[in-house]
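Text of the file structure.txt, holding compact mmCIF, C-alpha atoms:
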# COMPACT_ATOMS: atom_id res chain seq x y z
CA MET Y 1 -20.76 -42.59 51.41
CA ILE Y 2 -23.99 -44.47 50.65
CA GLN Y 3 -23.20 -46.67 53.67
CA LEU Y 4 -23.97 -43.76 56.00
CA LEU Y 5 -27.43 -43.43 54.46
CA ILE Y 6 -28.02 -47.18 54.54
CA ALA Y 7 -27.01 -47.23 58.22
CA HIS Y 8 -29.53 -44.46 58.89
CA ILE Y 9 -32.25 -46.31 57.01
CA GLU Y 10 -31.57 -49.48 58.97
CA LYS Y 11 -31.86 -47.60 62.27
CA PHE Y 12 -35.54 -46.97 61.60
CA SER Y 13 -36.69 -49.61 59.14
CA SER Y 14 -35.51 -52.65 57.31
CA ILE Y 15 -34.64 -53.21 53.69
CA PRO Y 16 -33.48 -56.57 52.37
CA ALA Y 17 -29.65 -56.65 51.99
CA ASN Y 18 -29.89 -57.39 48.27
CA LYS Y 19 -32.03 -54.27 47.83
CA ALA Y 20 -29.74 -51.97 49.83
CA SER Y 21 -27.13 -52.53 47.16
CA LEU Y 22 -29.47 -50.99 44.56
CA LEU Y 23 -29.47 -47.54 46.17
CA GLU Y 24 -26.14 -46.03 45.18
CA PRO Y 25 -26.74 -45.18 41.48
CA PHE Y 26 -29.85 -43.18 42.36
CA PHE Y 27 -27.91 -40.68 44.45
CA GLU Y 28 -25.41 -38.03 43.59
CA HIS Y 29 -22.60 -37.24 46.00
CA LYS Y 30 -22.17 -33.47 46.14
CA ILE Y 31 -19.70 -31.30 47.99
CA TYR Y 32 -20.44 -27.70 48.91
CA LYS Y 33 -18.01 -25.19 50.35
CA LYS Y 34 -19.07 -23.11 53.32
CA LYS Y 35 -21.57 -20.45 52.15
CA GLU Y 36 -22.26 -22.20 48.82
CA LEU Y 37 -25.94 -22.57 47.84
CA LEU Y 38 -27.56 -26.00 47.49
CA LEU Y 39 -30.88 -24.49 46.39
CA THR Y 40 -31.83 -20.96 45.32
CA GLU Y 41 -35.20 -19.36 46.01
CA GLY Y 42 -37.13 -18.93 42.77
CA GLN Y 43 -35.37 -21.74 40.92
CA ARG Y 44 -37.13 -25.02 40.35
CA CYS Y 45 -36.48 -27.55 43.06
CA TYR Y 46 -35.84 -31.07 41.82
CA GLU Y 47 -33.79 -32.54 44.65
CA LYS Y 48 -33.80 -33.44 48.29
CA PHE Y 49 -30.61 -33.70 50.29
CA PHE Y 50 -29.36 -36.13 52.93
CA ILE Y 51 -26.61 -34.44 54.94
CA VAL Y 52 -23.61 -36.76 55.22
CA LYS Y 53 -21.28 -34.20 56.78
CA GLY Y 54 -21.68 -30.56 57.69
CA CYS Y 55 -24.59 -28.24 58.27
CA VAL Y 56 -26.93 -26.17 56.10
CA HIS Y 57 -29.62 -23.59 56.75
CA LEU Y 58 -32.93 -23.05 54.99
CA PHE Y 59 -33.93 -19.40 54.59
CA TYR Y 60 -35.90 -16.92 52.52
CA LEU Y 61 -35.19 -13.36 51.51
CA ARG Y 62 -37.26 -10.75 53.31
CA GLN Y 63 -38.58 -7.78 51.36
CA ASN Y 64 -35.95 -5.61 53.05
CA GLY Y 65 -33.22 -7.84 51.62
CA THR Y 66 -32.21 -9.58 54.85
CA GLU Y 67 -32.31 -13.36 55.18
CA GLN Y 68 -34.72 -15.14 57.54
CA THR Y 69 -33.50 -18.59 58.61
CA ILE Y 70 -36.36 -21.05 59.04
CA ASP Y 71 -34.46 -24.22 59.77
CA PHE Y 72 -31.12 -26.00 59.95
CA ALA Y 73 -30.09 -29.50 58.91
CA LEU Y 74 -27.16 -31.44 60.31
CA GLU Y 75 -25.71 -34.89 59.67
CA ASN Y 76 -28.39 -37.57 59.05
CA TRP Y 77 -31.12 -35.03 58.33
CA TRP Y 78 -33.01 -34.68 55.11
CA THR Y 79 -33.70 -31.21 53.82
CA SER Y 80 -35.34 -29.49 50.86
CA ASP Y 81 -38.18 -27.14 50.09
CA PHE Y 82 -40.60 -30.03 50.25
CA THR Y 83 -43.56 -28.18 48.70
CA ALA Y 84 -41.44 -27.35 45.67
CA PHE Y 85 -39.77 -30.79 45.64
CA GLN Y 86 -43.08 -32.59 45.57
CA GLN Y 87 -44.47 -30.35 42.81
CA GLY Y 88 -41.22 -29.79 40.88
CA ALA Y 89 -42.06 -26.12 41.37
CA GLY Y 90 -40.10 -22.94 42.08
CA ALA Y 91 -38.47 -22.95 45.50
CA GLN Y 92 -39.72 -20.53 48.12
CA PHE Y 93 -36.58 -21.11 50.18
CA SER Y 94 -32.85 -21.17 49.60
CA ILE Y 95 -30.50 -23.65 51.26
CA ARG Y 96 -26.89 -22.71 51.99
CA ALA Y 97 -23.95 -24.60 53.50
CA VAL Y 98 -23.12 -23.22 56.95
CA GLU Y 99 -19.93 -25.33 56.97
CA ASN Y 100 -18.15 -27.32 54.26
CA THR Y 101 -20.86 -29.88 53.58
CA GLU Y 102 -21.28 -33.22 51.84
CA VAL Y 103 -24.68 -34.52 50.81
CA LEU Y 104 -26.33 -37.33 48.97
CA SER Y 105 -28.85 -35.77 46.64
CA ILE Y 106 -31.75 -37.47 44.89
CA THR Y 107 -34.13 -35.94 42.35
CA ALA Y 108 -37.90 -36.49 42.58
CA GLU Y 109 -37.74 -38.35 39.27
CA ARG Y 110 -35.05 -40.71 40.48
CA GLN Y 111 -36.82 -41.20 43.79
CA ARG Y 112 -39.94 -42.33 41.92
CA LYS Y 113 -37.87 -44.95 40.12
CA LEU Y 114 -36.04 -45.97 43.28
CA LEU Y 115 -39.29 -46.41 45.23
CA LYS Y 116 -40.62 -48.62 42.45
CA GLN Y 117 -37.59 -50.88 42.77
CA VAL Y 118 -37.28 -50.63 46.57
CA PRO Y 119 -40.78 -49.82 47.89
CA GLU Y 120 -39.53 -50.86 51.34
CA LEU Y 121 -37.93 -47.39 51.56
CA ASN Y 122 -41.39 -45.89 52.03
CA GLU Y 123 -41.33 -47.29 55.57
CA TYR Y 124 -38.19 -45.28 56.29
CA PHE Y 125 -39.55 -42.06 54.75
CA HIS Y 126 -42.88 -42.53 56.52
CA TYR Y 127 -41.01 -42.62 59.82
CA ILE Y 128 -38.64 -39.74 58.92
CA PHE Y 129 -41.41 -37.37 57.85
CA GLN Y 130 -43.65 -38.33 60.78
CA LYS Y 131 -40.76 -37.42 63.08
CA ALA Y 132 -40.10 -34.15 61.25
CA TYR Y 133 -43.80 -33.22 61.37
CA ALA Y 134 -43.99 -34.14 65.06
CA ALA Y 135 -41.04 -31.81 65.72
CA SER Y 136 -42.87 -29.04 63.83
CA GLN Y 137 -45.93 -29.46 66.05
CA MET Y 138 -43.71 -28.98 69.11
CA ARG Y 139 -41.94 -26.02 67.52
CA PHE Y 140 -45.26 -24.25 66.90
CA ARG Y 141 -46.03 -24.80 70.56
CA PHE Y 142 -42.69 -23.31 71.61
CA LEU Y 143 -43.15 -20.30 69.33
CA PHE Y 144 -46.50 -19.55 70.95
CA GLU Y 145 -45.59 -20.53 74.48
CA PHE Y 146 -42.11 -19.24 75.17
CA SER Y 147 -40.81 -15.74 75.62
CA LYS Y 148 -37.68 -15.02 73.57
CA GLU Y 149 -35.51 -15.70 76.60
CA GLU Y 150 -37.28 -19.02 77.36
CA LEU Y 151 -36.84 -20.02 73.71
CA TYR Y 152 -33.09 -19.51 74.03
CA GLN Y 153 -32.98 -21.42 77.34
CA HIS Y 154 -34.90 -24.30 75.78
CA PHE Y 155 -32.54 -24.41 72.85
CA LEU Y 156 -29.47 -24.19 75.10
CA LYS Y 157 -30.75 -27.08 77.22
CA HIS Y 158 -31.77 -29.40 74.39
CA PHE Y 159 -29.21 -28.55 71.70
CA PRO Y 160 -26.09 -27.27 73.51
CA GLY Y 161 -23.65 -28.52 70.84
CA PHE Y 162 -25.68 -26.90 68.13
CA ILE Y 163 -25.52 -23.48 69.77
CA GLN Y 164 -21.71 -23.71 69.70
CA ARG Y 165 -21.63 -24.91 66.10
CA VAL Y 166 -23.89 -22.45 64.32
CA PRO Y 167 -22.86 -18.81 63.66
CA GLN Y 168 -24.62 -16.56 66.12
CA TYR Y 169 -26.23 -14.31 63.49
CA LEU Y 170 -27.94 -17.37 61.95
CA LEU Y 171 -29.06 -18.64 65.33
CA ALA Y 172 -30.46 -15.18 66.11
CA SER Y 173 -32.39 -15.18 62.81
CA PHE Y 174 -33.74 -18.70 63.45
CA LEU Y 175 -34.93 -17.72 66.93
CA GLY Y 176 -36.43 -14.45 65.64
CA PHE Y 177 -33.95 -12.34 67.66
CA THR Y 178 -31.75 -9.45 66.61
CA PRO Y 179 -28.06 -10.44 66.83
CA GLU Y 180 -27.67 -7.80 69.57
CA TYR Y 181 -30.43 -9.35 71.68
CA LEU Y 182 -28.93 -12.83 71.32
CA SER Y 183 -25.55 -11.47 72.32
CA GLU Y 184 -27.08 -9.88 75.45
CA ILE Y 185 -28.84 -13.10 76.45
CA ARG Y 186 -25.73 -15.18 75.84
CA LYS Y 187 -23.70 -12.94 78.16
CA LYS Y 188 -26.33 -13.39 80.84
CA TYR Y 189 -26.21 -17.20 80.62
CA ILE Y 190 -22.44 -17.46 80.31
CA SER Y 191 -21.71 -15.14 83.23
CA MET E 1 -66.86 -45.54 56.53
CA ILE E 2 -63.58 -47.30 55.72
CA GLN E 3 -64.34 -46.63 52.04
CA LEU E 4 -63.68 -42.91 52.59
CA LEU E 5 -60.22 -43.71 53.91
CA ILE E 6 -59.52 -46.19 51.12
CA ALA E 7 -60.59 -43.57 48.56
CA HIS E 8 -58.14 -41.12 50.16
CA ILE E 9 -55.34 -43.70 50.11
CA GLU E 10 -55.97 -44.43 46.47
CA LYS E 11 -55.77 -40.76 45.58
CA PHE E 12 -52.10 -40.70 46.55
CA SER E 13 -50.85 -44.27 46.31
CA SER E 14 -51.93 -47.71 45.32
CA ILE E 15 -52.74 -50.76 47.38
CA PRO E 16 -53.81 -54.04 45.84
CA ALA E 17 -57.60 -54.47 45.98
CA ASN E 18 -57.32 -57.70 47.98
CA LYS E 19 -55.25 -55.84 50.59
CA ALA E 20 -57.62 -52.85 50.87
CA SER E 21 -60.18 -55.26 52.25
CA LEU E 22 -57.86 -56.04 55.19
CA LEU E 23 -57.95 -52.51 56.60
CA GLU E 24 -61.32 -52.30 58.32
CA PRO E 25 -60.69 -54.41 61.48
CA PHE E 26 -57.64 -52.31 62.40
CA PHE E 27 -59.67 -49.13 62.75
CA GLU E 28 -62.24 -48.03 65.26
CA HIS E 29 -65.10 -45.81 64.15
CA LYS E 30 -65.62 -43.16 66.82
CA ILE E 31 -68.16 -40.40 67.12
CA TYR E 32 -67.53 -37.24 69.12
CA LYS E 33 -70.04 -34.57 69.94
CA LYS E 34 -69.10 -30.94 69.44
CA LYS E 35 -66.65 -29.90 72.23
CA GLU E 36 -65.87 -33.50 73.22
CA LEU E 37 -62.18 -34.36 73.65
CA LEU E 38 -60.46 -36.92 71.40
CA LEU E 39 -57.16 -36.58 73.28
CA THR E 40 -56.31 -34.94 76.59
CA GLU E 41 -52.98 -33.25 77.33
CA GLY E 42 -51.03 -35.27 79.90
CA GLN E 43 -52.69 -38.59 79.07
CA ARG E 44 -50.81 -41.20 77.09
CA CYS E 45 -51.44 -40.97 73.38
CA TYR E 46 -51.97 -44.28 71.64
CA GLU E 47 -54.01 -43.28 68.63
CA LYS E 48 -54.02 -41.23 65.49
CA PHE E 49 -57.24 -40.04 63.90
CA PHE E 50 -58.46 -39.80 60.31
CA ILE E 51 -61.27 -37.26 60.14
CA VAL E 52 -64.21 -38.73 58.24
CA LYS E 53 -66.61 -35.90 59.01
CA GLY E 54 -66.33 -32.76 61.06
CA CYS E 55 -63.51 -30.65 62.37
CA VAL E 56 -61.18 -30.77 65.39
CA HIS E 57 -58.58 -28.45 66.87
CA LEU E 58 -55.26 -29.28 68.49
CA PHE E 59 -54.35 -27.07 71.44
CA TYR E 60 -52.43 -26.83 74.69
CA LEU E 61 -53.19 -25.15 77.96
CA ARG E 62 -51.22 -22.00 78.65
CA GLN E 63 -49.96 -21.37 82.16
CA ASN E 64 -52.65 -18.72 82.58
CA GLY E 65 -55.32 -21.36 81.91
CA THR E 66 -56.32 -20.22 78.41
CA GLU E 67 -56.12 -22.55 75.43
CA GLN E 68 -53.72 -21.96 72.55
CA THR E 69 -54.85 -23.57 69.29
CA ILE E 70 -51.93 -24.86 67.23
CA ASP E 71 -53.76 -26.54 64.39
CA PHE E 72 -57.06 -27.72 62.95
CA ALA E 73 -57.97 -30.89 61.08
CA LEU E 74 -60.87 -31.29 58.68
CA GLU E 75 -62.22 -34.15 56.57
CA ASN E 76 -59.47 -36.34 55.07
CA TRP E 77 -56.80 -35.05 57.45
CA TRP E 78 -54.87 -37.12 59.92
CA THR E 79 -54.27 -35.68 63.35
CA SER E 80 -52.64 -36.63 66.63
CA ASP E 81 -49.85 -35.49 68.93
CA PHE E 82 -47.35 -37.29 66.71
CA THR E 83 -44.43 -37.07 69.15
CA ALA E 84 -46.54 -38.77 71.81
CA PHE E 85 -48.10 -41.19 69.30
CA GLN E 86 -44.75 -42.39 68.07
CA GLN E 87 -43.39 -42.84 71.60
CA GLY E 88 -46.62 -43.96 73.28
CA ALA E 89 -45.89 -41.07 75.65
CA GLY E 90 -47.93 -38.44 77.48
CA ALA E 91 -49.61 -35.99 75.12
CA GLN E 92 -48.47 -32.38 75.10
CA PHE E 93 -51.61 -31.37 73.22
CA SER E 94 -55.32 -31.93 73.54
CA ILE E 95 -57.63 -32.49 70.58
CA ARG E 96 -61.28 -31.39 70.71
CA ALA E 97 -64.18 -31.67 68.29
CA VAL E 98 -65.11 -28.23 66.93
CA GLU E 99 -68.24 -29.75 65.35
CA ASN E 100 -69.91 -33.13 65.72
CA THR E 101 -67.12 -35.30 64.35
CA GLU E 102 -66.60 -38.85 63.10
CA VAL E 103 -63.16 -40.38 62.89
CA LEU E 104 -61.41 -43.61 62.10
CA SER E 105 -58.89 -44.16 64.87
CA ILE E 106 -55.93 -46.52 64.85
CA THR E 107 -53.55 -47.27 67.71
CA ALA E 108 -49.79 -47.36 67.19
CA GLU E 109 -49.84 -51.05 68.09
CA ARG E 110 -52.50 -51.86 65.52
CA GLN E 111 -50.76 -49.73 62.93
CA ARG E 112 -47.58 -51.79 63.39
CA LYS E 113 -49.57 -54.94 62.70
CA LEU E 114 -51.41 -53.39 59.77
CA LEU E 115 -48.19 -52.17 58.16
CA LYS E 116 -46.75 -55.67 58.44
CA GLN E 117 -49.72 -57.06 56.55
CA VAL E 118 -50.10 -54.13 54.16
CA PRO E 119 -46.63 -52.52 53.87
CA GLU E 120 -47.89 -50.73 50.75
CA LEU E 121 -49.59 -48.25 53.10
CA ASN E 122 -46.17 -46.79 53.93
CA GLU E 123 -46.22 -45.17 50.50
CA TYR E 124 -49.43 -43.35 51.44
CA PHE E 125 -48.14 -42.25 54.84
CA HIS E 126 -44.80 -41.18 53.34
CA TYR E 127 -46.73 -38.89 50.99
CA ILE E 128 -49.15 -37.64 53.67
CA PHE E 129 -46.44 -36.71 56.17
CA GLN E 130 -44.20 -35.16 53.52
CA LYS E 131 -47.15 -32.97 52.55
CA ALA E 132 -47.87 -32.07 56.19
CA TYR E 133 -44.21 -31.26 56.83
CA ALA E 134 -44.03 -29.19 53.63
CA ALA E 135 -47.06 -27.19 54.85
CA SER E 136 -45.26 -26.64 58.19
CA GLN E 137 -42.22 -25.21 56.40
CA MET E 138 -44.49 -22.71 54.64
CA ARG E 139 -46.32 -21.90 57.86
CA PHE E 140 -43.04 -21.06 59.62
CA ARG E 141 -42.28 -18.73 56.73
CA PHE E 142 -45.69 -17.04 57.06
CA LEU E 143 -45.28 -16.64 60.82
CA PHE E 144 -41.97 -14.85 60.31
CA GLU E 145 -42.89 -12.96 57.17
CA PHE E 146 -46.40 -11.68 57.60
CA SER E 147 -47.82 -8.99 59.82
CA LYS E 148 -50.94 -10.07 61.70
CA GLU E 149 -53.12 -8.40 59.10
CA GLU E 150 -51.28 -10.07 56.20
CA LEU E 151 -51.64 -13.42 57.96
CA TYR E 152 -55.41 -12.95 58.07
CA GLN E 153 -55.51 -11.83 54.41
CA HIS E 154 -53.49 -14.89 53.41
CA PHE E 155 -55.83 -17.17 55.30
CA LEU E 156 -58.92 -15.46 53.89
CA LYS E 157 -57.59 -15.85 50.35
CA HIS E 158 -56.47 -19.48 50.59
CA PHE E 159 -59.02 -20.94 53.02
CA PRO E 160 -62.19 -18.81 52.69
CA GLY E 161 -64.59 -21.65 53.56
CA PHE E 162 -62.56 -22.51 56.63
CA ILE E 163 -62.83 -18.97 58.00
CA GLN E 164 -66.62 -19.28 57.84
CA ARG E 165 -66.63 -22.72 59.43
CA VAL E 166 -64.42 -22.30 62.48
CA PRO E 167 -65.54 -20.33 65.57
CA GLN E 168 -63.87 -16.94 65.55
CA TYR E 169 -62.29 -17.29 69.01
CA LEU E 170 -60.48 -20.45 67.85
CA LEU E 171 -59.36 -18.83 64.61
CA ALA E 172 -58.06 -15.84 66.62
CA SER E 173 -56.11 -18.22 68.90
CA PHE E 174 -54.66 -20.11 65.92
CA LEU E 175 -53.53 -16.86 64.26
CA GLY E 176 -52.12 -15.54 67.54
CA PHE E 177 -54.66 -12.69 67.68
CA THR E 178 -56.92 -11.55 70.47
CA PRO E 179 -60.59 -12.15 69.56
CA GLU E 180 -61.05 -8.36 69.63
CA TYR E 181 -58.29 -7.81 67.08
CA LEU E 182 -59.70 -10.49 64.76
CA SER E 183 -63.13 -8.90 65.03
CA GLU E 184 -61.68 -5.49 64.06
CA ILE E 185 -59.85 -6.92 61.05
CA ARG E 186 -62.91 -8.86 59.92
CA LYS E 187 -65.01 -5.70 59.94
CA LYS E 188 -62.40 -3.99 57.81
CA TYR E 189 -62.44 -6.77 55.17
CA ILE E 190 -66.19 -7.24 55.16
CA SER E 191 -66.96 -3.53 54.80
As C-alpha cells, how would this structure be written, given the file I've shared?
Amino acid sequence: MIQLLIAHIEKFSSIPANKASLLEPFFEHKIYKKKELLLTEGQRCYEKFFIVKGCVHLFYLRQNGTEQTIDFALENWWTSDFTAFQQGAGAQFSIRAVENTEVLSITAERQRKLLKQVPELNEYFHYIFQKAYAASQMRFRFLFEFSKEELYQHFLKHFPGFIQRVPQYLLASFLGFTPEYLSEIRKKYIS
Amino acid sequence: MIQLLIAHIEKFSSIPANKASLLEPFFEHKIYKKKELLLTEGQRCYEKFFIVKGCVHLFYLRQNGTEQTIDFALENWWTSDFTAFQQGAGAQFSIRAVENTEVLSITAERQRKLLKQVPELNEYFHYIFQKAYAASQMRFRFLFEFSKEELYQHFLKHFPGFIQRVPQYLLASFLGFTPEYLSEIRKKYIS
C-alpha cells in the first residue's frame, strides 16, 4: 500500500531509498465503504488522506440542509480540510467516500515527527500544494469566466472519465447546477 | 530587503543561519509604480513574487475587454500564475501593482538552484502553499454559500483594512459585483 504513495512521491521529488522505508509506520491504512464519512463537519480534523483507491467528495451542509460539494479527490490526490488540519481545529467540511475507498491517513502530529525524520518530504509537499493552489487559481477563473454550459463543456473535455465515474447529483452540486439542469445539458451533448 | 523575506521564512520554518545568508543573490529586487504590470497574460511566466511593500492584483481579460480580478497580494504574500510558473508556460493571468510596490522576484530556474543549496526552504514553501490552498477551499465555500451582501459583510469583518486600501472598482470585480452594486452596499453599511 505504502508503495503507491512512495511511487507518487518519487514522481515529483526524491527521497533517499533508506528513508523511504521509514514512512510506513506513520500512516494508517483505512478502508471506507461507499457513502461512509472520512471527516465530519464540526468535528476536529487531525488527519489528511492520500487516496490509494476510490473517490471521495468534500462538502458542507447548507442552511437548508442540502449538501454543497466543493471538491473531489481521486487516486493519488491528497485531501482534507486543510485549514482545520493545520490548526487541529473543527472541520468546516465533511469528506465522504463516493465509491468504496482506501486511503493512507496521517495525523498532523505524526506528520510533524515524520518531517523531522524525513525532511526531504517537504519537497514533495511543496510541489503538491503548489499544484493544488495553481489549480484553484484556474478554477476561480473558470467560475468567473464560464457560463454554466461552458463550465460543463470544459469539464467534459478535460475530465471525460471523471464525468462518467461520479454520480450526477454530486457533479451537479460541484458545478453549481440543479440536477435537472445538468440532466438537460447532458442530453444536449449526448444527442 | 532580503531580511524581510528571511524574517517571514523564520516565522514558519527554520533555516540554518549560515544558509540564510545564501539567499540574496537568487532574488531580484524590483520596483513597480502604481498600475505597472509585473506579469502580462499571454507572456511566458518565469518568476514568482514576494511582496515586500505595496499591493498587486491578479486578473484576466474578459472577452468583452474588461478585467476580472481573481486575487490580491499584499506584504508578505507570494504571487504568480503558478500553473504557468511551474511549467514555464504562457500566463493566463496578468499581475498589476495597485500601489507603488516592491518585490523580491525569483525565477523558476533560480529557485531550482536555490532549493538544491538550501533544501530546508521546502519546509517554508510547503507551509505557505498549504495555507494558500486551505484559504482557497474556504473561498470556494464562501462563493457557494454567501449571497453577494453576505460576501461583502464577511470581507468587511475579516479584512476591514483591506477594504479601505484597495480601489473600490477592483474590490467590486474581485467580489463579482458591479461597482454600482458595491457602492450601494457600502452606503448601507456606512450609514
>> Give me the residues near region 96-109 of chain E as number ranges by chain, where near means some atom within 7 Å (using all atoms listed in the file) and where sequence neighbours in that chain fewer than 5 positions away do not count.
In response: E: 26-38, 46-58, 85
> From the list Y:Ile6, Y:Phe82, Y:Asp71, Y:Gln63, which residue is nearest Ser21 (chain Y) when using all atoms listed in the file?
Replying inline: Y:Ile6
> Quick one: residues within 6 Å of Tyr60 (chain E), all atoms listed in the file counted, chain neighbours fewer than 2 positions away excluded, as JSON, numbers by chain?
Replying inline: {"E": [67, 68, 93, 94]}
> So which residues fall inside 8 Å of (-38.1, -47.6, 63.3) if we count all atoms listed in the file? Mind giving them as a PyMOL selection string?
Replying inline: chain Y and resi 11-13+124+127
> Please, which residues are within 10 Å of (-41.5, -35.8, 66.6) by the file's coordinates, counting all atoms listed in the file, and could they come as a list in words?
Replying inline: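 The residues near that point, listed by chain and number, are Tyr127, Ile128, Phe129, Gln130, Lys131, Ala132, Tyr133, Ala134, Ala135, Ser136, Gln137, Met138 and Arg139 of chain Y; Asp81, Phe82, Thr83, Ala84, Phe85, Gln86 and Gln87 of chain E.
Computed from the coordinates, the CA of Leu171 (chain Y) to CA of Glu150 (chain Y) distance equals 14.6 Å.
Checking E:Asn64, E:Asn18, E:Gln164, E:Tyr152 one by one against Val118 (chain E), counting only C-alpha atoms, you find the shortest gap at E:Asn18.
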> Using only C-alpha atoms, which of the listed residues (Y:Leu170, Y:Ile163, Y:Ile70, Y:Ala91) sits closest to chain E?
Replying inline: Y:Ile70
> At what distance in Å, to one decimal, does CA of Leu143 (chain E) lie from CA of Ile185 (chain Y)?
Replying inline: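 Straight-line distance from CA of Ile185 (chain Y) to CA of Leu143 (chain E) works out to 23.0 Å.
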